[in-house]
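Worksheet for the structure shown next.
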Amino acid sequence: MSAGRERVDLTVAREGDEILLLAPDVGGFTAPQPRGAALAPGMVAGALHRLGRSVDLVVPAGVAGAVTSDPPERVMAPVAYGAVLYRIDPRGAAAAIDDEGPGGTEASGDALAIVASQPGRIWHSPSPGDPPFCGPGDVLEEGAPVCLVEVMKTFSTLPYRRREGLPARARVVRWLTEDGADVQPGEPLLEIEPA
Amino acid sequence: MFRRLLVANRGEVAVRIARAARAVGVAPVGVVSTADAGAPWTEEFDDVVCVGGPAPSESYLRMGALVQAAVQTGCSAVHPGWGFLAENARFAALCEQHGLTFVGPHSSTMDRMGLKWPSKVAMRAAGLDLTPGSDGLLASVEEAVEIAERIGYPVILKADAGGGGRGMRICRSEADVREAYPAARAEAISAFGNGALFLEKYVTGGRHIEVQVLGDHYGGAVHLFERECSIQRNHQKLIEESPSPALSNEERTALGERAARAAASIGYVGAGTIEFLADPDTMRLSFMEMNTRLQVEHPVTELVTGVDIVREQLRIAARAAIGFSQSGVALEGHAIECRINAEDPSDGFRPTPGTLTAFDVPTDRGPGRIRIDTHVSEGSEIPPYYDSLLAKVIAHAASRDEAIETMVRALEGAKIEGVATTIPLHLAVLASDAFQSGDYDTRSIPGWPA
Amino acid sequence: MAHVPLSPIGRPRDAFLDEASFARQREALGTKYELLDERRTEVANGWGQKYVERVHQKGKRTARERIEALKDEGSPLREVGTFVNHGERFGKLTSPAAGVVTAFCRVADRWTMVIANDNTVASGSWWPRTPEKIQRAQEMALRLRIPVVYLVDCSGLFLPEQSRSFPGRTGAGHIFAKNAELSAEGVPQIAGVFGDCIAGGGYMPIISDRVVMTEQAYMVIAGAALIKGAKSMSLSSLDIGGPEVHVHQSGCADVRVPDDDAAIATIRAEVEKLGSSATDFYRHGQDAADPFFPAFELDGLFPSDHRMTYEAEEVIARLVDRSLFWEILPDRGTEMIVGVGRIAGLYVGFVANRQGLIDDPDGRDGQRPAGILYRDGIAKVSAFSRACNDDGIPIVWMQDISGFDIGVEAERNGLLGYGSSLIYTNTTNTVPMFTVLLRKASGAGYYAMAGLPYEPVVQVSTPLTRQSVMEGRTLAIAAFNTKLDDDFEIVTEDPDERAAIEAGMAETEARIEGDMDPYKAASQMDTDEIVRLGELRGWLETFAEAAYQASGTRRVKNPRIWSLHDLAALAEVRG
């Protein structure tokens with residue numbers, strides 16, 4: 001389900017002490033971060049233009065540091081899948097920034113949680129009596145349904161999205177909200193761990 | 001002619017197309033997956049764009065990424081090769097939508113030939129015989145039974161929509177038909193929203209004979225005679241030859257002319273292949289399907305006719321008329337192709353990816369000529385993600401016997417190491433009486449235990 | 001970019017909807033389809049077999065038989081106004097289809113609007129709403145510039161209800177005004193006269209460019225029953241106004257033919273003489289092609305509960321050719337999807353409500369429900385609608401909308417102003433627009449998205465459609481507001497009063513739910529037709545082909561100079 005501009009994580013590779021951020025697709029690379037910029041997880045670091053549509057390139061979890069490479073000279077520079085877009089020095093100014101980045105709220109100790117992004121009522125299953133969308137031990141991937149959110153008498157499926165610094169594949173640890181509970185933005189819904 | 005051409009494929013066919021493009025002054029641009037990046041065959045291209053990960057669904061099947069690669073490298077046309085997106089009308093339409101000429105027939109022709117019943121109707125209207133069966137879609141189970149009784153069992157019920165075997169039922173008796181009809185209908189409605197069925201005789205065995213045709217934008221159509229492709233394993237062709245040992249010269253000419261007329265009547269543009277099944281008892285040739293692309297086995301046709309089919313594809317796509325007339329096409333000699341796959345025939349044809357430590361096939365042992373179409377050489381890595389075709393060895397000689405002899409000498413002299421190949425199978429077939437006499441069909445592989 | 005950069009849209013169904021849910025939703029809708037089919041059959045049967053036989057005994061065909069003979073074999077018939085007057089009684093009588101069949105009908109490879117008096121319902125007489133239904137069909141033809149075929153067999157007004165069908169602005173006489181308007185705008189009209197054409201029925205054919213009469217047809221200002229002395233002179237209406245009089249003496253008709261079949265053949269021959277369809281020209285080198293993801297799957301994509309969401313992209317994917325679509329301004333106003341796809345090879349603009357949750361541009365990392373109009377979405381839709389109008393791209397509006405955003409922020413953002421701008425745009429657009437009410441068509445959202453009051457060429461509903469200002473529950477809350485607290489809970493502690501309020505609210509809610517029945521809307525002409533979701537693609541094909549059929553009557557820019565490219569170029573991210 002598209003919501004806002006599409007966002008895709010940059011691919012990570014390592015070369016010695018350097019971190020490389022690679023193009024996750026073919027396209028025209030635009031709006032790059034300049035040399036020296038501090039990158040942190042969740043930041044948008046440019047866009048990729050493909051067939052008349054742009055996707056935001058997002059710095060993935062666990063990556064922070066200063067850009068040591070120059071942006072391409074051309075605007076909309078054509079890049080291939082896997083092309084090196086940034087070289088990063090992890091000891092750069094940005095290293096101090098919290099690796100978790102914004103969003104991925106801690107539930108208890110080091111645990112990760114999916115949090116509510118709007119006020120609403122949370123339902124664990126598609127309709128009363130149905131089995132819940134997910135439960136402890138289940139693995140969630142991008143787009144997998146987590147729960148229903150009831151807002152203004154409308155029910156929407158909340159998909160799992162890794163954009164908030166959460167892992168690509170997450171294992172459900174436990175529910176943190178009751179079925180039918182009212183929640184506020186930022187409230188943790190589901191405790192997860194990387195799968 | 002185009003300035004740059006994107007070859008939306010990999011391996012052997014990508015190399016074949018790149019060379020043909022160069023020969024007509026077109027710069028080829030390649031695409032690769034990360035698994036193929038840096039492979040020796042990619043040196044054939046002026047420019048190579050990585051389009052994604054190793055699995056075909058992450059790279060060679062990603063139509064949006066392929067079109068973007070073509071756009072950002074300044075290509076004006078796209079050749080799909082075979083397999084992958086070669087018969088995907090949606091991809092063809094997407095290319096056209098972005099100003100790229102798709103080297104192949106119009107997307108609507110691909111649609112029509114991709115659907116079973118419309119293609120049969122079109123081909124029957126064009127004068128080709130169909131497998132005996134219903135005269136259109138079935139109205140009722142009674143009609144199905146009546147037709148089955150008339151043409152004789154076994155018969156096969158097929159859904160008009162969709163494919164992949166869904167909605168298909170083989171019936172050996174009236175009771176079978178009565179049971180299968182509602183089930184096939186229900187399955188088709190559930191899967192495709194359309195429960196229309198037709199019925200035809202279920203033919204097992206028989207010979208697979210196909211005719212190569214070319215059509216241009218101006219209504220021109222020619223045929224390049226036939227290929228015999230009855231040596232198959234699990235519907236995979238292993239050995240092909242041209243001309244077919246099963247046809248007389250009169251039959252050959254008549255079949256070719258009918259196929260060319262059929263192509264013209266549907267306004268076919270580009271290279272295509274009309275496949276026929278010869279009934280094992282009557283040798284009656286029924287239309288099976290039309291492949292709207294270049295075929296793997298096209299080189300046998302090229303060797304006996306002297307026509308470069310890929311070059312013609314490019315010329316036609318650039319809106320040139322076919323460069324020769326039917327009367328200018330003559331059959332010269334006989335050609336046989338063996339597909340050398342990285343599979344172990346002694347171990348259930350298990351694929352054998354790995355590194356080629358040696359690759360040499362002699363081309364000078366006579367009596368005829370040997371052509372080798374391949375993308376590999378000593379040291380090549382054979383990735384596990386794609387089909388196992390290593391090379392095609394094609395022998396061309398004055399007669400069929402000489403062509404067989406030429407092939408045997410080349411394969412016996414071949415030195416391919418590092419991965420197991422299907423060469424032992426080819427040698428066994430070539431040595432068999434059935435193959436040497438030309439009397440074989442799709443039921444079994446002559447010279448090879450079933 | 002002067003190309004129209006369509007991209008693949010949609011996913012295979014099993015990638016976003018499991019088999020069981022799909023089957024369950026398809027089955028639930030199937031039950032509604034059974035009712036739809038049942039009611040269609042009921043309407044098509046007119047007053048029943050007895051009346052069909054009566055028509056046949058006269059050596060004539062029924063209205064529906066005439067249409068069947070008129071249309072190209074195997075082509076679909078797209079009936080509009082099927083359910084007008086459905087469920088309504090006039091004394092003891094019903095008037096199926098309001099006594100007239102109106103339909104988009106393909107004749108000699110051209111779309112026409114056929115208007116056929118139903119001679120199995122009170123001899124084709126005109127009931128209350130019959131004039132309006134005929135005028136609506138005429139209006140559709142006028143807007144699309146497609147030929148109109150009248151199959152006239154009408155004994156005049158149904159007199160017991162004359163006060164409801166004679167004097168008003170849309171009274172029967174306005175049909176002839178529409179005849180004149182169509183003629184003045186150069187829209188071809190062909191009339192076949194098959195039987196009684198008394199009074200109004202007599203006027204309806206005359207303005208047509210060709211009038212064909214069968215030997216059983218007569219056109220009269222008044223029939224024999226009202227002519228003094230007719231009985232004693234044994235004059236029949238046929239003597240007064242049959243083909244002998246009108247073809248040869250008065251010149252009010254052109255051709256006389258022996259019977260219904262000959263009349264239909266003559267009409268077909270006349271349509272064939274008209275300019276052929278320009279649709280293939282406007283396909284710009286492509287052919288019609290089916291959606292890659294099959295349209296029939298729409299029957300199982302919608303949750304039975306209207307409060308549950310689905311993916312609007314997947315709906316579009318199952319409507320456009322090869323499931324290729326160009327979404328324009330995808331990054332702004334994401335509650336709305338606007339873009340271009342091909343339908344039957346022809347470019348069509350789409351405006352649809354995204355469903356589910358979307359990013360809230362006013363709150364970092366916040367989200368809010370779609371299916372509602374916010375400022376950016378309204379602005380985007382308005383700019384898109386205007387650009388399509390500039391470019392001559394017909395627009396399909398697909399509504400599933402709860403209304404405008406409300407509250408302090410919405411008012412400060414000036415939603416009244418942005419909404420009015422959109423209304424201005426849609427009202428003054430001249431490009432053909434077609435509105436589909438997928439599910440909810442609520443409040444000002446229904447207006448803003450080219451609902452019927454903004455005169456789309458056609459508006460269709462589905463069995464899931466709910467047209468209303470507000471949902472029943474919301475209205476009950478509004479009606480009992482003084483009795484409720486801030487959480488909309490009943491304040492009083494008195495059990496009797498509490499029960500009375502609960503009952504009152506339940507009654508309000510139930511009545512509103514009943515009023516939202518799409519059949520009621522169709523009966524009142526608040527929507528033009530009820531269609532299956534799986535048939536929607538076919539309807540859009542008809543609409544697109546009809547919209548591009550006539551050449552030289554409206555602006556159709558070639559795609560390389562569309563204003564849409566300007567919008568897209570300015571929205572591109574650069575840097």
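Chain labels follow the order of the structure tokens: the first chain is A, the next B, and so on; residue numbering restarts at 1 in every chain, and ligands are counted from 1 in their shown order.
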
Query raised in the report: Which neighbours of C:Gln135 fall inside 12 Å, counting only C-alpha atoms, when residues of the same chain fewer than 3 positions from it are skipped, and could you give them as a PyMOL selection string?
Result: chain C and resi 80-81+100+102+113+115+129-132+138-142+148+169-182+204+525

Write out as JSON lines a residue-level contact list of stretch 261-336 of chain B versus stretch 402-414 of chain B with cut-off 10 Å: for each qualifying residue the closest pair of atoms and the distance in Å to one decimal, counting only C-alpha atoms, rows sorted by chain and residue number upward.
```
{"residue": "B:Gly333", "atom": "CA", "partner": "B:Ala403", "partner_atom": "CA", "distance": 8.5}
{"residue": "B:His334", "atom": "CA", "partner": "B:Ala403", "partner_atom": "CA", "distance": 6.4}
{"residue": "B:Ala335", "atom": "CA", "partner": "B:Ala403", "partner_atom": "CA", "distance": 6.2}
{"residue": "B:Ile336", "atom": "CA", "partner": "B:Ala403", "partner_atom": "CA", "distance": 6.6}
```

Kindly export the residues of the current selection with C-alpha atoms, as a PDB file, in the first residue's frame.
```
ATOM      1  CA  GLY B 333      22.304 -29.546 -47.569  1.00  0.00           C
ATOM      2  CA  HIS B 334      21.324 -30.634 -44.120  1.00  0.00           C
ATOM      3  CA  ALA B 335      21.913 -29.194 -40.652  1.00  0.00           C
ATOM      4  CA  ILE B 336      21.711 -30.747 -37.191  1.00  0.00           C
TER       5      ILE B 336
END
```

Requested in this report: Output the contact residues of chain B with respect to chain C at a cut-off of 6 Å, based on only C-alpha atoms, as a ChimeraX atom specification.
Outcome: /B:90,98,193

Keeping only C-alpha atoms, take the residues you just selected and write them out as an mmCIF file, in the first residue's frame.
```cif
data_model
loop_
_atom_site.group_PDB
_atom_site.id
_atom_site.type_symbol
_atom_site.label_atom_id
_atom_site.label_comp_id
_atom_site.auth_asym_id
_atom_site.auth_seq_id
_atom_site.Cartn_x
_atom_site.Cartn_y
_atom_site.Cartn_z
ATOM 1 C CA ARG B 90 2.798 -6.577 -21.500
ATOM 2 C CA HIS B 98 8.387 4.423 -23.635
ATOM 3 C CA GLY B 193 -13.415 -16.071 -14.405
#
```

Report task. Please determine the contact residues of chain C with respect to chain A at a cut-off of 6 Å, counting only C-alpha atoms, and supply them as a PyMOL selection string. Result -> chain C and resi 307-309+331+334+356+358-359+366-367+574-575

**Report entry** At most 6 Å to chain B: residues in chain A, only C-alpha atoms, as a ChimeraX atom specification
**Finding:** /A:26,78,80-81

Which residues are near stretch 377-387 of chain B? Cut-off 10 Å, only C-alpha atoms, ignore same chain within fewer than 2 positions. Put them as a compact mmCIF listing (two decimals) with N, CA and C atoms, in the first residue's frame.
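Writing the result to result29.txt gives the following:
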```
# COMPACT_ATOMS: atom_id res chain seq x y z
N ARG B 10 20.37 -12.88 -21.47
CA ARG B 10 21.70 -13.21 -20.99
C ARG B 10 22.27 -14.37 -21.80
N GLY B 11 23.54 -14.64 -21.56
CA GLY B 11 24.16 -15.87 -22.05
C GLY B 11 24.20 -15.97 -23.56
N ALA B 35 24.72 -11.91 -10.56
CA ALA B 35 25.39 -13.20 -10.74
C ALA B 35 26.18 -13.25 -12.05
N ASP B 36 25.72 -12.49 -13.03
CA ASP B 36 26.37 -12.50 -14.34
C ASP B 36 27.35 -11.33 -14.52
N ALA B 39 30.90 -11.40 -16.30
CA ALA B 39 31.10 -12.64 -17.05
C ALA B 39 31.70 -12.31 -18.42
N PRO B 40 32.55 -13.21 -18.96
CA PRO B 40 33.23 -12.90 -20.23
C PRO B 40 32.27 -12.51 -21.35
N TRP B 41 31.09 -13.16 -21.38
CA TRP B 41 30.19 -12.86 -22.50
C TRP B 41 29.70 -11.43 -22.51
N PRO B 54 20.44 -12.08 -8.49
CA PRO B 54 20.64 -13.29 -9.29
C PRO B 54 19.35 -13.94 -9.81
N ALA B 55 18.33 -14.02 -8.96
CA ALA B 55 17.12 -14.72 -9.40
C ALA B 55 16.50 -13.97 -10.58
N PRO B 56 16.02 -14.69 -11.60
CA PRO B 56 15.41 -14.00 -12.74
C PRO B 56 14.33 -13.00 -12.32
N GLY B 83 12.82 -17.04 -24.11
CA GLY B 83 12.62 -17.22 -22.67
C GLY B 83 12.33 -15.88 -22.02
N ASN B 341 23.97 -29.17 -22.75
CA ASN B 341 23.52 -28.60 -21.48
C ASN B 341 24.44 -29.03 -20.36
N ALA B 342 24.54 -28.18 -19.34
CA ALA B 342 25.29 -28.56 -18.14
C ALA B 342 24.38 -29.40 -17.26
N PRO B 351 21.16 -30.79 -12.96
CA PRO B 351 21.96 -29.64 -13.43
C PRO B 351 23.32 -29.62 -12.72
N THR B 352 24.33 -29.19 -13.44
CA THR B 352 25.69 -29.22 -12.89
C THR B 352 26.37 -27.87 -13.01
N PRO B 353 25.93 -26.92 -12.20
CA PRO B 353 26.62 -25.63 -12.23
C PRO B 353 28.05 -25.79 -11.72
N GLY B 354 28.90 -24.84 -12.05
CA GLY B 354 30.29 -24.93 -11.61
C GLY B 354 31.20 -24.13 -12.53
N THR B 355 32.47 -24.48 -12.51
CA THR B 355 33.46 -23.78 -13.33
C THR B 355 33.93 -24.69 -14.45
N LEU B 356 33.96 -24.13 -15.66
CA LEU B 356 34.45 -24.90 -16.80
C LEU B 356 35.98 -24.87 -16.76
N THR B 357 36.58 -26.04 -16.56
CA THR B 357 38.05 -26.05 -16.54
C THR B 357 38.61 -26.27 -17.94
N ALA B 358 37.77 -26.78 -18.82
CA ALA B 358 38.18 -26.89 -20.22
C ALA B 358 36.95 -26.76 -21.09
N PHE B 359 37.10 -26.11 -22.23
CA PHE B 359 35.99 -26.03 -23.17
C PHE B 359 36.56 -25.93 -24.58
N ASP B 360 36.48 -27.04 -25.29
CA ASP B 360 36.96 -27.02 -26.67
C ASP B 360 36.15 -28.01 -27.49
N THR B 374 27.85 -20.09 -28.54
CA THR B 374 28.01 -20.23 -27.09
C THR B 374 28.44 -18.91 -26.47
N HIS B 375 28.30 -18.83 -25.17
CA HIS B 375 28.74 -17.66 -24.41
C HIS B 375 29.83 -18.06 -23.42
N LEU B 389 21.83 -24.34 -20.65
CA LEU B 389 22.42 -24.38 -21.99
C LEU B 389 23.84 -23.81 -21.96
N LEU B 390 24.81 -24.64 -22.35
CA LEU B 390 26.21 -24.19 -22.43
C LEU B 390 26.54 -23.72 -23.83
N ALA B 391 26.12 -24.53 -24.78
CA ALA B 391 26.49 -24.25 -26.16
C ALA B 391 25.59 -25.03 -27.08
N ILE B 416 35.19 -30.92 -22.76
CA ILE B 416 34.51 -30.01 -21.85
C ILE B 416 34.65 -30.58 -20.46
N GLU B 417 35.30 -29.85 -19.58
CA GLU B 417 35.58 -30.37 -18.25
C GLU B 417 35.16 -29.37 -17.18
N GLY B 418 34.94 -29.90 -15.99
CA GLY B 418 34.53 -29.07 -14.87
C GLY B 418 33.06 -29.27 -14.53
N VAL B 419 32.25 -29.45 -15.55
CA VAL B 419 30.84 -29.75 -15.32
C VAL B 419 30.46 -30.91 -16.24
```
